[in-house]
>>> print(open('input_7.txt').read())   # compact mmCIF, C-alpha atoms
# COMPACT_ATOMS: atom_id res chain seq x y z
CA MET A 1 123.12 86.58 -49.88
CA ALA A 2 119.63 85.43 -49.05
CA VAL A 3 116.82 86.97 -51.02
CA VAL A 4 113.66 86.58 -48.98
CA ASN A 5 109.93 87.19 -49.29
CA ARG A 6 109.70 90.55 -47.61
CA LEU A 7 107.59 93.62 -48.34
CA LEU A 8 109.25 97.00 -47.98
CA ARG A 9 106.53 98.83 -46.08
CA SER A 10 104.13 97.36 -48.62
CA THR A 11 100.41 96.72 -48.66
CA ALA A 12 100.65 94.15 -51.42
CA THR A 13 99.26 90.63 -51.07
CA PRO A 14 101.95 88.02 -50.30
CA SER A 15 103.10 85.90 -53.22
CA SER A 16 105.27 82.82 -53.67
CA SER A 17 107.50 84.73 -56.08
CA ILE A 18 110.05 87.05 -54.45
CA LEU A 19 110.00 89.45 -57.35
CA SER A 20 106.21 89.75 -57.42
CA LYS A 21 106.30 91.79 -54.20
CA THR A 22 105.11 95.41 -54.45
CA PHE A 23 105.29 98.50 -52.35
CA SER A 24 103.21 101.62 -52.71
CA SER A 25 104.10 103.97 -49.86
CA ILE A 26 107.82 104.02 -49.09
CA THR A 27 108.56 107.49 -47.76
CA SER A 28 111.52 109.47 -46.55
CA ASN A 29 112.12 112.65 -44.61
CA THR A 30 112.87 114.47 -47.85
CA ASP A 31 110.05 113.17 -50.05
CA ARG A 32 106.75 111.82 -48.77
CA ARG A 33 105.05 111.25 -52.11
CA PRO A 34 103.86 107.66 -52.48
CA LEU A 35 105.64 105.46 -54.96
CA SER A 36 103.61 103.67 -57.58
CA PRO A 37 103.36 99.87 -57.24
CA LEU A 38 106.22 97.74 -58.53
CA SER A 39 106.09 94.29 -59.98
CA HIS A 40 109.63 93.46 -58.77
CA SER A 41 110.71 95.19 -55.58
CA ALA A 42 112.05 92.77 -52.96
CA LEU A 43 115.70 93.20 -52.08
CA HIS A 44 117.68 90.80 -49.93
CA LEU A 45 117.68 90.88 -46.14
CA ARG A 46 120.64 91.23 -43.86
CA ARG A 47 123.09 88.40 -43.65
CA ASP A 48 125.69 87.83 -40.97
CA PRO A 49 129.00 89.37 -42.20
CA LYS A 50 130.74 86.12 -41.20
CA ASP A 51 128.71 84.33 -43.88
CA ARG A 52 129.30 86.74 -46.74
CA ASN A 53 131.86 88.85 -48.54
CA VAL A 54 132.03 92.67 -48.51
CA GLN A 55 128.98 94.78 -49.30
CA TRP A 56 130.24 98.12 -50.57
CA VAL A 57 128.75 101.07 -52.42
CA PHE A 58 130.58 103.38 -54.82
CA LEU A 59 129.35 106.98 -55.05
CA GLY A 60 130.49 109.78 -57.31
CA CYS A 61 129.43 112.03 -60.16
CA PRO A 62 128.67 110.50 -63.56
CA GLY A 63 131.94 109.79 -65.35
CA VAL A 64 134.14 109.89 -62.24
CA GLY A 65 135.27 106.29 -62.75
CA LYS A 66 133.05 104.32 -60.37
CA GLY A 67 132.78 101.43 -62.82
CA THR A 68 136.52 101.31 -63.51
CA TYR A 69 137.60 101.13 -59.88
CA ALA A 70 134.67 99.01 -58.72
CA SER A 71 135.44 96.44 -61.44
CA ARG A 72 139.08 96.24 -60.36
CA LEU A 73 138.10 95.78 -56.74
CA THR A 74 135.50 93.12 -57.48
CA ALA A 75 138.14 91.13 -59.34
CA LEU A 76 140.46 91.50 -56.36
CA LEU A 77 137.85 90.69 -53.69
CA GLY A 78 135.91 88.03 -55.56
CA VAL A 79 132.51 89.76 -55.46
CA PRO A 80 130.20 90.84 -58.28
CA HIS A 81 130.21 94.39 -59.59
CA ILE A 82 126.57 95.48 -59.91
CA ALA A 83 126.24 98.71 -61.86
CA THR A 84 122.72 100.03 -62.19
CA GLY A 85 123.82 101.94 -65.29
CA ASP A 86 124.66 98.62 -66.95
CA LEU A 87 121.30 97.20 -65.87
CA VAL A 88 119.55 100.17 -67.48
CA ARG A 89 121.56 99.82 -70.71
CA GLU A 90 120.81 96.09 -70.86
CA GLU A 91 117.12 96.87 -70.54
CA LEU A 92 117.42 99.56 -73.21
CA ALA A 93 118.98 97.04 -75.59
CA SER A 94 116.17 94.59 -74.98
CA SER A 95 112.66 94.64 -76.35
CA GLY A 96 111.23 94.78 -72.84
CA PRO A 97 108.34 97.00 -71.81
CA LEU A 98 110.63 99.55 -70.12
CA ALA A 99 112.92 100.11 -73.10
CA SER A 100 111.08 103.04 -74.72
CA GLN A 101 110.42 104.75 -71.38
CA LEU A 102 114.05 104.42 -70.34
CA SER A 103 115.30 105.69 -73.70
CA GLU A 104 113.52 109.02 -73.22
CA ILE A 105 114.73 109.39 -69.63
CA VAL A 106 118.40 108.57 -70.38
CA ASN A 107 118.64 110.69 -73.51
CA GLN A 108 117.46 113.72 -71.54
CA GLY A 109 120.04 113.13 -68.81
CA LYS A 110 117.39 112.59 -66.13
CA LEU A 111 117.57 110.20 -63.20
CA VAL A 112 115.77 106.91 -63.66
CA SER A 113 112.96 106.55 -61.11
CA ASP A 114 113.35 104.62 -57.87
CA GLU A 115 110.68 102.19 -59.02
CA ILE A 116 112.51 101.20 -62.18
CA ILE A 117 115.95 100.99 -60.57
CA ILE A 118 114.73 98.83 -57.68
CA ASN A 119 112.90 96.63 -60.18
CA LEU A 120 116.08 96.02 -62.18
CA LEU A 121 118.31 95.66 -59.12
CA SER A 122 115.97 93.13 -57.52
CA LYS A 123 116.08 90.92 -60.58
CA ARG A 124 119.88 91.14 -60.64
CA LEU A 125 120.22 90.22 -56.96
CA GLU A 126 117.93 87.25 -57.35
CA ALA A 127 119.90 86.03 -60.38
CA GLY A 128 123.13 86.38 -58.39
CA GLU A 129 121.73 84.46 -55.45
CA SER A 130 120.79 81.59 -57.72
CA LYS A 131 124.45 81.43 -58.79
CA GLY A 132 125.72 81.46 -55.21
CA GLU A 133 127.02 85.03 -55.11
CA THR A 134 127.80 86.55 -51.71
CA GLY A 135 128.66 90.19 -51.25
CA PHE A 136 128.78 92.88 -53.93
CA ILE A 137 130.00 96.31 -54.90
CA LEU A 138 127.09 98.51 -55.95
CA ASP A 139 127.81 101.22 -58.50
CA GLY A 140 125.15 103.83 -59.20
CA PHE A 141 122.83 102.90 -56.34
CA PRO A 142 121.68 104.51 -54.15
CA ARG A 143 121.41 107.90 -55.83
CA THR A 144 118.70 109.39 -53.65
CA ILE A 145 117.93 109.48 -49.92
CA ARG A 146 114.88 107.33 -50.54
CA GLN A 147 116.96 104.66 -52.26
CA ALA A 148 119.52 104.78 -49.44
CA GLU A 149 116.78 104.26 -46.86
CA ILE A 150 115.33 101.33 -48.80
CA LEU A 151 118.77 99.75 -49.01
CA GLU A 152 119.49 100.34 -45.32
CA ASP A 153 116.15 98.76 -44.40
CA VAL A 154 117.05 95.44 -45.98
CA THR A 155 120.83 95.04 -45.84
CA ASP A 156 123.99 96.17 -44.06
CA ILE A 157 126.37 98.21 -46.19
CA ASP A 158 129.90 97.92 -44.82
CA LEU A 159 131.56 100.85 -46.62
CA VAL A 160 130.67 103.66 -49.01
CA VAL A 161 133.50 104.95 -51.22
CA ASN A 162 132.91 108.45 -52.55
CA LEU A 163 135.12 109.14 -55.58
CA LYS A 164 135.72 112.84 -56.29
CA LEU A 165 137.09 114.64 -59.34
CA ASN A 166 136.87 118.26 -60.46
CA GLU A 167 134.14 119.14 -62.95
CA GLU A 168 136.49 120.11 -65.79
CA ALA A 169 138.04 116.65 -65.75
CA LEU A 170 134.64 114.98 -65.35
CA LEU A 171 133.25 116.69 -68.43
CA ALA A 172 136.31 115.79 -70.51
CA LYS A 173 136.14 112.15 -69.35
CA CYS A 174 132.46 111.80 -70.21
CA LEU A 175 132.89 113.31 -73.67
CA GLY A 176 135.87 111.04 -74.32
CA ARG A 177 134.14 107.78 -73.43
CA ARG A 178 133.90 105.17 -76.16
CA ILE A 179 132.51 101.63 -76.30
CA CYS A 180 133.55 98.83 -78.64
CA SER A 181 130.41 97.88 -80.54
CA GLU A 182 131.66 94.32 -80.90
CA CYS A 183 133.06 93.27 -77.49
CA GLY A 184 131.50 95.96 -75.27
CA GLY A 185 134.89 97.13 -73.93
CA ASN A 186 135.02 100.60 -72.38
CA TYR A 187 137.72 103.06 -73.45
CA ASN A 188 138.42 106.77 -73.28
CA VAL A 189 140.09 108.89 -75.97
CA ALA A 190 140.41 112.03 -73.84
CA CYS A 191 143.87 113.20 -72.78
CA ILE A 192 143.28 115.36 -69.72
CA ASP A 193 146.04 117.77 -68.76
CA ILE A 194 144.95 120.36 -66.20
CA LYS A 195 147.60 122.82 -65.08
CA GLY A 196 147.84 123.59 -61.37
CA GLU A 197 147.17 127.17 -60.35
CA ASN A 198 146.50 129.21 -57.20
CA GLY A 199 147.93 126.47 -55.04
CA SER A 200 145.76 123.75 -56.56
CA PRO A 201 147.61 120.71 -57.90
CA GLY A 202 147.54 119.92 -61.59
CA MET A 203 146.20 116.69 -62.99
CA TYR A 204 147.15 114.47 -65.89
CA MET A 205 145.03 111.56 -67.08
CA ALA A 206 146.25 109.65 -70.10
CA PRO A 207 143.72 108.27 -72.57
CA LEU A 208 142.59 104.68 -72.17
CA LEU A 209 142.94 103.60 -75.79
CA PRO A 210 141.51 100.39 -77.27
CA PRO A 211 143.55 97.52 -78.69
CA PRO A 212 143.96 97.58 -82.49
CA HIS A 213 141.15 95.11 -83.13
CA CYS A 214 138.65 97.40 -81.35
CA ALA A 215 139.90 100.75 -82.68
CA SER A 216 137.66 100.78 -85.75
CA LYS A 217 134.56 99.65 -83.84
CA LEU A 218 134.30 102.43 -81.26
CA ILE A 219 130.97 104.14 -80.71
CA THR A 220 129.85 106.99 -78.46
CA ARG A 221 127.01 106.57 -76.00
CA SER A 222 123.97 108.55 -77.11
CA ASP A 223 123.84 110.35 -73.75
CA ASP A 224 127.49 111.43 -73.81
CA THR A 225 126.90 114.91 -75.21
CA GLU A 226 128.01 118.10 -73.48
CA ALA A 227 124.44 119.24 -72.78
CA VAL A 228 123.37 115.90 -71.34
CA VAL A 229 126.55 115.45 -69.29
CA LYS A 230 126.17 118.91 -67.73
CA GLU A 231 122.55 118.13 -66.95
CA ARG A 232 123.54 114.85 -65.30
CA LEU A 233 126.10 116.67 -63.15
CA ARG A 234 123.54 119.31 -62.17
CA ILE A 235 121.01 116.65 -61.17
CA TYR A 236 123.65 114.72 -59.26
CA ASN A 237 124.68 117.76 -57.25
CA GLU A 238 121.05 118.61 -56.54
CA MET A 239 119.68 115.18 -55.63
CA SER A 240 122.53 112.81 -54.84
CA LEU A 241 124.91 114.81 -52.68
CA PRO A 242 122.59 114.38 -49.67
CA VAL A 243 123.27 110.64 -49.95
CA GLU A 244 126.87 111.40 -49.02
CA ASP A 245 125.67 113.10 -45.84
CA PHE A 246 123.41 110.10 -45.16
CA TYR A 247 126.37 107.73 -45.05
CA ARG A 248 128.76 110.25 -43.50
CA SER A 249 126.44 110.57 -40.50
CA ARG A 250 126.62 106.79 -40.11
CA GLY A 251 130.42 106.72 -40.18
CA LYS A 252 130.52 104.65 -43.38
CA LEU A 253 131.73 107.22 -45.93
CA LEU A 254 135.29 107.16 -47.29
CA GLU A 255 136.07 110.29 -49.32
CA PHE A 256 138.69 109.71 -52.01
CA ASP A 257 139.99 112.48 -54.28
CA LEU A 258 141.32 110.95 -57.48
CA PRO A 259 144.84 112.33 -58.00
CA GLY A 260 144.99 111.42 -61.68
CA GLY A 261 144.51 108.44 -63.94
CA ILE A 262 144.53 104.77 -63.01
CA PRO A 263 148.33 104.45 -62.50
CA GLU A 264 148.30 107.26 -59.92
CA SER A 265 144.92 106.57 -58.33
CA TRP A 266 144.72 102.77 -58.09
CA PRO A 267 147.56 102.16 -55.60
CA LYS A 268 146.44 105.10 -53.46
CA LEU A 269 142.86 103.82 -53.42
CA LEU A 270 144.08 100.40 -52.30
CA GLN A 271 146.07 102.07 -49.55
CA ALA A 272 143.02 104.06 -48.43
CA LEU A 273 141.04 100.80 -48.29
CA ASN A 274 143.80 99.03 -46.36
CA LEU A 275 144.15 96.48 -49.14
CA ASP A 276 147.59 95.03 -49.85
CA TYR A 277 147.93 94.08 -53.50
CA HIS A 278 150.82 94.08 -55.94
CA GLU A 279 150.60 94.16 -59.69
CA ASP A 280 153.00 95.00 -62.44
CA LYS A 281 153.10 98.44 -64.06
CA GLN A 282 151.57 97.19 -67.27
CA SER A 283 148.37 95.99 -65.63
CA ALA A 284 148.21 99.08 -63.42
CA ALA A 285 148.11 101.25 -66.52
CA ALA A 286 145.41 99.20 -68.24
>>> encode(input="input_7.txt", output="structure tokens")
Amino acid sequence: MAVVNRLLRSTATPSSSILSKTFSSITSNTDRRPLSPLSHSALHLRRDPKDRNVQWVFLGCPGVGKGTYASRLTALLGVPHIATGDLVREELASSGPLASQLSEIVNQGKLVSDEIIINLLSKRLEAGESKGETGFILDGFPRTIRQAEILEDVTDIDLVVNLKLNEEALLAKCLGRRICSECGGNYNVACIDIKGENGSPGMYMAPLLPPPHCASKLITRSDDTEAVVKERLRIYNEMSLPVEDFYRSRGKLLEFDLPGGIPESWPKLLQALNLDYHEDKQSAAA
């Protein structure tokens, strides 16, 4: 995955540092306002698919399970899972200059700006390149048409997996999310049991409970409140759904309706991806 010195429609002066590149006027058909300059904006250029692993994107509403399924697939395919939400939380936990700005944005359930996300993603890609990473599964990027166009301009995405789940289940999942304050493990205490009606199938999703040594250390994310979750879903439907059409028009979108929890959904997702993998029932339910 070669990261190169390239400006993305930029007027900035060339620099020896990849991440010192800036751009000030990236535009799209849906939003022609100029972006403010970035200090870290260069993403990697295209690389011959023969010389790299898969480059996939996971789309879906907040809380749908993008991180869960992307993590499982990255372990299976041997590529890194790059979640922009994790990059944002890492920055929030730091004492960096963006921390206070990001805190206000996240706690209000708003989308983080293109400038900030591309800044964080660029640094992550460069760090991965230095470790010899090839390929990736992106989770949480792109979320806007502008981001999708930036990504398309510099790399070839092979497949975009769009995970779908009804809003009632999404809300319950988000409110049930818990994190171990010690190891950082992600769990969910919600037991979702939606009865089928009017011809619609029901859905059951068992809780994803922590091991005993984590049970007393669980915390709730500050942005996992009902008001913030509903606002995130509203913003997603308003701003990010067009990204689905962007990739659908390019023949790269795979729509996948989650039929239930991990035990039901994981094998069907593998089948939809034409991946042949066998695991025991215990690990499938993890």
>>> atom_distance(input="input_7.txt", atom1="atom CA of Cys183 of chain A", atom2="atom CA of Thr220 of chain A")
14.1 Å
>>> closest_residue(input="input_7.txt", among="A:Thr84, A:Ser130, A:Thr155, A:Thr74", to="Leu111 of chain A", atoms="all atoms listed in the file")
A:Thr84
>>> residues_around(input="input_7.txt", residues="segment 250-254 of chain A", least_positions_apart="5", cutoff="8 Å", atoms="only C-alpha atoms", output="PDB file with C-alpha atoms, keeping the file's coordinate frame")
ATOM      1  CA  ASP A 158     129.900  97.920 -44.820  1.00  0.00           C
ATOM      2  CA  LEU A 159     131.560 100.850 -46.620  1.00  0.00           C
ATOM      3  CA  VAL A 160     130.670 103.660 -49.010  1.00  0.00           C
ATOM      4  CA  VAL A 161     133.500 104.950 -51.220  1.00  0.00           C
ATOM      5  CA  ASN A 162     132.910 108.450 -52.550  1.00  0.00           C
ATOM      6  CA  GLU A 244     126.870 111.400 -49.020  1.00  0.00           C
TER       7      GLU A 244
END
>>> closest_residue(input="input_7.txt", among="A:Glu238, A:Arg72, A:Glu231, A:Pro62", to="Pro267 of chain A", atoms="only C-alpha atoms")
A:Arg72
>>> axis_aligned_box(input="input_7.txt", around="segment 260-265 of chain A", padding_each_side="8 Å", output="AutoDock Vina command-line options")
--center_x 146.4 --center_y 107.9 --center_z -61.1 --size_x 19.8 --size_y 23.0 --size_z 21.6
>>> atom_distance(input="input_7.txt", atom1="atom CA of Pro242 of chain A", atom2="atom CA of Pro201 of chain A")
27.1 Å
>>> closest_residue(input="input_7.txt", among="A:Ile105, A:Cys214, A:Ala169, A:Cys61", to="Asp139 of chain A", atoms="only C-alpha atoms")
A:Cys61
>>> closest_residue(input="input_7.txt", among="A:Gly128, A:Gly260, A:Lys173, A:Leu77", to="Tyr204 of chain A", atoms="all atoms listed in the file")
A:Gly260
>>> atom_distance(input="input_7.txt", atom1="atom CA of Arg178 of chain A", atom2="atom CA of Met205 of chain A")
15.7 Å
>>> residues_near_point(input="input_7.txt", point="(134.6, 111.7, -67.3)", cutoff="9 Å", atoms="only C-alpha atoms", output="list in words")
Cys61, Pro62, Gly63, Val64, Gly65, Leu165, Glu167, Glu168, Ala169, Leu170, Leu171, Ala172, Lys173, Cys174, Leu175, Gly176, Arg177, Asn188 and Ala190 of chain A
>>> closest_residue(input="input_7.txt", among="A:Lys131, A:Lys123, A:Arg248, A:Lys230", to="Gln108 of chain A", atoms="all atoms listed in the file")
A:Lys230
>>> residues_around(input="input_7.txt", residues="Ile157 of chain A", least_positions_apart="3", cutoff="9 Å", atoms="only C-alpha atoms", output="tab-separated table (two decimals) with C-alpha atoms, keeping the file's coordinate frame")
chain	number	residue	atom	x	y	z
A	54	VAL	CA	132.03	92.67	-48.51
A	55	GLN	CA	128.98	94.78	-49.30
A	56	TRP	CA	130.24	98.12	-50.57
A	57	VAL	CA	128.75	101.07	-52.42
A	151	LEU	CA	118.77	99.75	-49.01
A	152	GLU	CA	119.49	100.34	-45.32
A	160	VAL	CA	130.67	103.66	-49.01
A	252	LYS	CA	130.52	104.65	-43.38
>>> residues_around(input="input_7.txt", residues="segment 268-277 of chain A", least_positions_apart="2", cutoff="10 Å", atoms="all atoms listed in the file", output="MDAnalysis selection string")
chainID A and resid 69 73 76:77 159 161 163 254:259 262:266 279
>>> residues_around(input="input_7.txt", residues="Met203 of chain A", least_positions_apart="5", cutoff="8 Å", atoms="only C-alpha atoms", output="short mmCIF file (atom, residue, chain, number, x, y, z; two decimals) with C-alpha atoms, in the coordinates of the input")
data_model
loop_
_atom_site.label_atom_id
_atom_site.label_comp_id
_atom_site.auth_asym_id
_atom_site.auth_seq_id
_atom_site.Cartn_x
_atom_site.Cartn_y
_atom_site.Cartn_z
CA ILE A 192 143.28 115.36 -69.72
CA ASP A 193 146.04 117.77 -68.76
CA ILE A 194 144.95 120.36 -66.20
CA LYS A 195 147.60 122.82 -65.08
CA GLY A 196 147.84 123.59 -61.37
CA PRO A 259 144.84 112.33 -58.00
CA GLY A 260 144.99 111.42 -61.68
#
>>> closest_residue(input="input_7.txt", among="A:Val154, A:Lys110, A:His213, A:His81", to="Tyr236 of chain A", atoms="all atoms listed in the file")
A:Lys110
